[in-house]
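Written out below as structure tokens is the structure these notes cover.
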Amino acid sequence: MFKKILAVAILGCALMFTGKAQAYDHYVGYSEATGWECYVITETIERANDTTYVTLKMVKPSGSVSYLGYRFWYDSQSDVMRFANDEGYSGIANRYETPIEWEMVQVIRNY
């Protein structure tokens with residue numbers, strides 16, 4: 001019994017000191033264009049050079065789920081955050097024109 005408690009305590013301490021945030025699906029909004037609820041899968045956030053890669057989870061009203069890969073990068077000449085996804089859609093992350101992508105950037109920055 002003591003060994004089990006000790007093992008759990010050691011595991012708990014190890015998890016506290018790893019400094020890694022727990023992965024989860026972070027809600028980023030409802031897409032007016034598709035009618036789907038959208039979530040950033042935080043465990044997929046990956047930074048490579050000046051580009052960040054992430055997967056968007058999209059939940060349809062029927063409950064089925066689709067996934068879409070994104071990449072984001074900062075365009076210093078224009079002072080904007082640009083994005084492109086696996087379906088070929090690209091643009092500038094903007095609070096009003098591309099609200100899902102804008103919220104994705106906020107999650108990426110805070111993760």
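Chain labels run A, B, ... following the order of the structure tokens; each chain numbers its residues from 1, and ligands are numbered from 1 in the order shown.
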List the spatial neighbours of Thr51 of chain A as a PDB file with C-alpha atoms, in the first residue's frame - criterion: any atom at most 7 Å away, only C-alpha atoms, same-chain residues fewer than 6 positions off excluded.
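Here's the written file part-v7.pdb:
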```pdb
ATOM      1  CA  ARG A  71      -0.205  26.938 -40.616  1.00  0.00           C
ATOM      2  CA  PHE A  72       0.306  30.474 -39.318  1.00  0.00           C
ATOM      3  CA  TRP A  73       3.203  32.866 -39.794  1.00  0.00           C
TER       4      TRP A  73
END
```
- Run DSSP on the backbone and grab whatever in segment 3-111 of chain A lands in strand (DSSP E); send it over as a ChimeraX atom specification. /A:25-30,37-48,51-59,65-75,80-85,90-92
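Going from atom CA of Leu56 of chain A over to atom CA of Pro99 of chain A, you cover 13.4 Å.
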- Query: Hey, what's within 12 Å of Ser62 of chain A if we count only C-alpha atoms and toss same-chain stuff fewer than 5 positions away? As a ChimeraX atom specification, please?
  - Reply: /A:35-37
Give me the residues near Ser66 of chain A as a compact mmCIF listing (two decimals) with all heavy atoms, in the first residue's frame, where near means some atom within 10 Å (using only C-alpha atoms) and where sequence neighbours in that chain fewer than 5 positions away do not count.
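This went into part06.txt:
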```txt
# COMPACT_ATOMS: atom_id res chain seq x y z
N TRP A 36 -20.41 24.89 -38.20
CA TRP A 36 -19.73 23.95 -37.32
C TRP A 36 -19.13 24.66 -36.12
O TRP A 36 -18.70 25.81 -36.21
CB TRP A 36 -18.63 23.21 -38.04
CG TRP A 36 -19.06 22.43 -39.24
CD1 TRP A 36 -20.32 22.03 -39.57
CD2 TRP A 36 -18.23 21.95 -40.29
NE1 TRP A 36 -20.33 21.34 -40.74
CE2 TRP A 36 -19.05 21.27 -41.22
CE3 TRP A 36 -16.87 22.03 -40.54
CZ2 TRP A 36 -18.56 20.66 -42.37
CZ3 TRP A 36 -16.38 21.42 -41.70
CH2 TRP A 36 -17.21 20.75 -42.59
N CYS A 38 -15.98 25.02 -33.69
CA CYS A 38 -14.56 24.83 -34.00
C CYS A 38 -13.70 24.85 -32.74
O CYS A 38 -13.92 25.67 -31.85
CB CYS A 38 -14.09 25.93 -34.95
SG CYS A 38 -14.97 25.91 -36.53
N LEU A 56 -7.31 22.10 -36.52
CA LEU A 56 -8.62 22.59 -36.11
C LEU A 56 -9.60 21.42 -36.15
O LEU A 56 -9.68 20.70 -37.15
CB LEU A 56 -9.10 23.69 -37.06
CG LEU A 56 -10.43 24.34 -36.72
CD1 LEU A 56 -10.31 25.18 -35.45
CD2 LEU A 56 -10.91 25.20 -37.88
N LYS A 57 -10.30 21.22 -35.06
CA LYS A 57 -11.34 20.19 -34.97
C LYS A 57 -12.67 20.87 -35.22
O LYS A 57 -12.99 21.87 -34.57
CB LYS A 57 -11.32 19.55 -33.58
CG LYS A 57 -12.41 18.53 -33.34
CD LYS A 57 -12.27 18.00 -31.92
CE LYS A 57 -13.38 17.09 -31.54
NZ LYS A 57 -13.21 16.60 -30.15
N MET A 58 -13.45 20.35 -36.17
CA MET A 58 -14.74 20.94 -36.52
C MET A 58 -15.84 19.93 -36.24
O MET A 58 -15.81 18.81 -36.77
CB MET A 58 -14.74 21.36 -37.98
CG MET A 58 -13.63 22.35 -38.31
SD MET A 58 -13.44 22.67 -40.07
CE MET A 58 -12.98 21.06 -40.69
N VAL A 59 -16.79 20.32 -35.42
CA VAL A 59 -17.88 19.43 -35.04
C VAL A 59 -19.15 19.90 -35.73
O VAL A 59 -19.61 21.02 -35.53
CB VAL A 59 -18.07 19.40 -33.51
CG1 VAL A 59 -19.19 18.44 -33.14
CG2 VAL A 59 -16.77 19.02 -32.82
N LYS A 60 -19.69 19.03 -36.55
CA LYS A 60 -20.91 19.34 -37.30
C LYS A 60 -22.13 19.20 -36.39
O LYS A 60 -22.08 18.50 -35.39
CB LYS A 60 -21.02 18.40 -38.50
CG LYS A 60 -19.84 18.51 -39.44
CD LYS A 60 -19.90 17.47 -40.54
CE LYS A 60 -18.63 17.52 -41.36
NZ LYS A 60 -18.59 16.51 -42.40
```
- Message: Taking 6 positions as the minimum chain separation for residues in the same chain, which residues sit within 10 Å of Tyr74 of chain A when counting only C-alpha atoms? Answer as a PyMOL selection string.
- Response: chain A and resi 50-52+80-83+92
Let me see the file: selected residues, N, CA, C and O atoms, as a compact mmCIF listing (two decimals), in the first residue's frame.
```txt
# COMPACT_ATOMS: atom_id res chain seq x y z
N ASP A 50 9.72 29.94 -38.34
CA ASP A 50 8.80 31.07 -38.16
C ASP A 50 7.34 30.70 -38.42
O ASP A 50 6.50 31.57 -38.59
N THR A 51 7.06 29.41 -38.48
CA THR A 51 5.72 28.94 -38.79
C THR A 51 5.18 28.09 -37.65
O THR A 51 5.91 27.32 -37.05
N THR A 52 3.88 28.26 -37.37
CA THR A 52 3.21 27.43 -36.37
C THR A 52 2.18 26.58 -37.07
O THR A 52 1.38 27.08 -37.88
N VAL A 80 1.12 41.65 -40.08
CA VAL A 80 -0.09 40.85 -39.93
C VAL A 80 0.27 39.39 -39.72
O VAL A 80 1.38 38.95 -40.06
N MET A 81 -0.67 38.64 -39.20
CA MET A 81 -0.51 37.20 -39.05
C MET A 81 -1.27 36.54 -40.21
O MET A 81 -2.47 36.74 -40.37
N ARG A 82 -0.55 35.80 -41.01
CA ARG A 82 -1.14 35.12 -42.16
C ARG A 82 -1.37 33.65 -41.84
O ARG A 82 -0.75 33.09 -40.95
N PHE A 83 -2.28 33.03 -42.61
CA PHE A 83 -2.57 31.61 -42.42
C PHE A 83 -2.88 30.96 -43.76
O PHE A 83 -3.22 31.63 -44.74
N ILE A 92 -5.44 36.60 -44.03
CA ILE A 92 -4.91 37.30 -42.86
C ILE A 92 -5.85 37.04 -41.69
O ILE A 92 -7.07 37.17 -41.84
```
Find the spatial neighbours of Asp25 of chain A, counting only C-alpha atoms, within a cut-off of 9 Å - ignore same-chain residues fewer than 6 positions away - and output them as a CSV table (one decimal) with C-alpha atoms, in the first residue's frame.
```csv
chain,number,residue,atom,x,y,z
A,39,TYR,CA,-11.8,23.8,-31.6
A,40,VAL,CA,-8.0,24.1,-31.6
A,41,ILE,CA,-6.4,20.8,-30.6
A,42,THR,CA,-3.7,22.2,-28.3
A,43,GLU,CA,-1.6,19.1,-28.4
A,56,LEU,CA,-8.6,22.6,-36.1
A,57,LYS,CA,-11.3,20.2,-35.0
```
- Task: Excluding segment 106-109 of chain A and any residue of its chain fewer than 3 positions from it, enumerate the residues within 9 Å of it, using only C-alpha atoms, and give them as a PyMOL selection string.
- Result: chain A and resi 26+28+40+42+45+52+54+101-103
Any chance you can output those residues with N, CA, C and O atoms as a JSON list (two decimals), in the first residue's frame?
```json
[["chain", "number", "residue", "atom", "x", "y", "z"],
["A", 26, "HIS", "N", -9.54, 23.47, -27.41],
["A", 26, "HIS", "CA", -9.90, 24.83, -26.99],
["A", 26, "HIS", "C", -10.92, 25.41, -27.98],
["A", 26, "HIS", "O", -10.64, 25.54, -29.17],
["A", 28, "VAL", "N", -12.89, 27.79, -30.25],
["A", 28, "VAL", "CA", -12.54, 29.05, -30.90],
["A", 28, "VAL", "C", -13.71, 29.68, -31.64],
["A", 28, "VAL", "O", -13.56, 30.72, -32.27],
["A", 40, "VAL", "N", -9.43, 24.33, -31.38],
["A", 40, "VAL", "CA", -8.01, 24.08, -31.61],
["A", 40, "VAL", "C", -7.62, 22.89, -30.74],
["A", 40, "VAL", "O", -7.91, 22.86, -29.55],
["A", 42, "THR", "N", -4.96, 21.60, -28.85],
["A", 42, "THR", "CA", -3.73, 22.21, -28.35],
["A", 42, "THR", "C", -2.52, 21.29, -28.44],
["A", 42, "THR", "O", -1.40, 21.77, -28.62],
["A", 45, "ILE", "N", -0.29, 21.86, -31.57],
["A", 45, "ILE", "CA", 0.44, 23.11, -31.82],
["A", 45, "ILE", "C", 1.93, 22.79, -31.89],
["A", 45, "ILE", "O", 2.51, 22.25, -30.95],
["A", 52, "THR", "N", 3.88, 28.26, -37.37],
["A", 52, "THR", "CA", 3.21, 27.43, -36.37],
["A", 52, "THR", "C", 2.18, 26.58, -37.07],
["A", 52, "THR", "O", 1.38, 27.08, -37.88],
["A", 54, "VAL", "N", -0.99, 23.74, -36.62],
["A", 54, "VAL", "CA", -2.02, 23.37, -35.65],
["A", 54, "VAL", "C", -3.18, 22.70, -36.39],
["A", 54, "VAL", "O", -3.39, 22.94, -37.59],
["A", 101, "GLU", "N", -9.97, 31.98, -37.41],
["A", 101, "GLU", "CA", -8.51, 32.03, -37.50],
["A", 101, "GLU", "C", -7.93, 33.03, -36.50],
["A", 101, "GLU", "O", -6.88, 32.79, -35.92],
["A", 102, "TRP", "N", -8.62, 34.14, -36.28],
["A", 102, "TRP", "CA", -8.18, 35.12, -35.29],
["A", 102, "TRP", "C", -8.13, 34.49, -33.90],
["A", 102, "TRP", "O", -7.15, 34.63, -33.18],
["A", 103, "GLU", "N", -9.17, 33.76, -33.54],
["A", 103, "GLU", "CA", -9.21, 33.09, -32.24],
["A", 103, "GLU", "C", -8.15, 32.00, -32.15],
["A", 103, "GLU", "O", -7.57, 31.77, -31.08]]
```
- Query: When distances are computed from only C-alpha atoms, which of A:Ile100, A:Tyr70, A:Tyr27, A:Ala33 shows the smallest separation from Gly88 of chain A?
  - Reply: A:Tyr70
Where in chain A does DSSP assign helix (DSSP H, G or I), given as a compact mmCIF listing (two decimals) with N, CA and C atoms, in the first residue's frame?
```
# COMPACT_ATOMS: atom_id res chain seq x y z
N PHE A 2 1.90 1.28 0.84
CA PHE A 2 2.80 2.43 0.91
C PHE A 2 3.51 2.67 -0.42
N LYS A 3 3.90 1.56 -1.09
CA LYS A 3 4.58 1.67 -2.38
C LYS A 3 3.67 2.32 -3.43
N LYS A 4 2.40 1.97 -3.41
CA LYS A 4 1.45 2.54 -4.37
C LYS A 4 1.28 4.04 -4.13
N ILE A 5 1.15 4.42 -2.88
CA ILE A 5 1.00 5.84 -2.53
C ILE A 5 2.26 6.61 -2.92
N LEU A 6 3.41 6.03 -2.65
CA LEU A 6 4.68 6.67 -3.00
C LEU A 6 4.81 6.82 -4.52
N ALA A 7 4.42 5.79 -5.25
CA ALA A 7 4.51 5.85 -6.71
C ALA A 7 3.60 6.94 -7.27
N VAL A 8 2.38 7.06 -6.74
CA VAL A 8 1.45 8.09 -7.18
C VAL A 8 1.98 9.47 -6.83
N ALA A 9 2.56 9.63 -5.65
CA ALA A 9 3.12 10.91 -5.22
C ALA A 9 4.28 11.32 -6.13
N ILE A 10 5.14 10.39 -6.46
CA ILE A 10 6.28 10.68 -7.34
C ILE A 10 5.79 11.07 -8.73
N LEU A 11 4.83 10.35 -9.23
CA LEU A 11 4.26 10.66 -10.54
C LEU A 11 3.63 12.04 -10.54
N GLY A 12 2.90 12.36 -9.49
CA GLY A 12 2.27 13.68 -9.38
C GLY A 12 3.30 14.79 -9.37
N CYS A 13 4.37 14.60 -8.62
CA CYS A 13 5.45 15.61 -8.58
C CYS A 13 6.11 15.75 -9.95
N ALA A 14 6.35 14.65 -10.61
CA ALA A 14 6.98 14.69 -11.93
C ALA A 14 6.11 15.46 -12.91
N LEU A 15 4.81 15.26 -12.87
CA LEU A 15 3.91 15.97 -13.76
C LEU A 15 3.86 17.46 -13.45
N MET A 16 3.95 17.82 -12.18
CA MET A 16 3.93 19.23 -11.80
C MET A 16 5.15 19.97 -12.30
N PRO A 99 -12.83 35.40 -38.12
CA PRO A 99 -12.85 35.28 -36.65
C PRO A 99 -12.35 33.94 -36.09
N ILE A 100 -12.57 32.85 -36.80
CA ILE A 100 -12.08 31.56 -36.31
C ILE A 100 -10.55 31.56 -36.32
N GLU A 101 -9.97 31.98 -37.41
CA GLU A 101 -8.51 32.03 -37.50
C GLU A 101 -7.93 33.03 -36.50
N TRP A 102 -8.62 34.14 -36.28
CA TRP A 102 -8.18 35.12 -35.29
C TRP A 102 -8.13 34.49 -33.90
N GLU A 103 -9.17 33.76 -33.54
CA GLU A 103 -9.21 33.09 -32.24
C GLU A 103 -8.15 32.00 -32.15
N MET A 104 -7.89 31.33 -33.26
CA MET A 104 -6.84 30.32 -33.27
C MET A 104 -5.49 30.96 -32.93
N VAL A 105 -5.23 32.12 -33.48
CA VAL A 105 -3.97 32.83 -33.19
C VAL A 105 -3.88 33.17 -31.71
N GLN A 106 -5.00 33.58 -31.11
CA GLN A 106 -4.98 33.93 -29.68
C GLN A 106 -4.64 32.70 -28.85
N VAL A 107 -5.19 31.54 -29.21
CA VAL A 107 -4.88 30.31 -28.49
C VAL A 107 -3.40 29.95 -28.65
N ILE A 108 -2.91 30.03 -29.88
CA ILE A 108 -1.52 29.69 -30.16
C ILE A 108 -0.59 30.60 -29.35
N ARG A 109 -0.88 31.87 -29.30
CA ARG A 109 -0.04 32.82 -28.57
C ARG A 109 -0.01 32.53 -27.07
N ASN A 110 -1.12 32.06 -26.55
CA ASN A 110 -1.23 31.84 -25.11
C ASN A 110 -0.86 30.43 -24.68
```
- Task: Figure out the distance between atom CA of Pro61 of chain A and atom CA of Glu97 of chain A, please, to one decimal in Å.
- Result: 23.0 Å
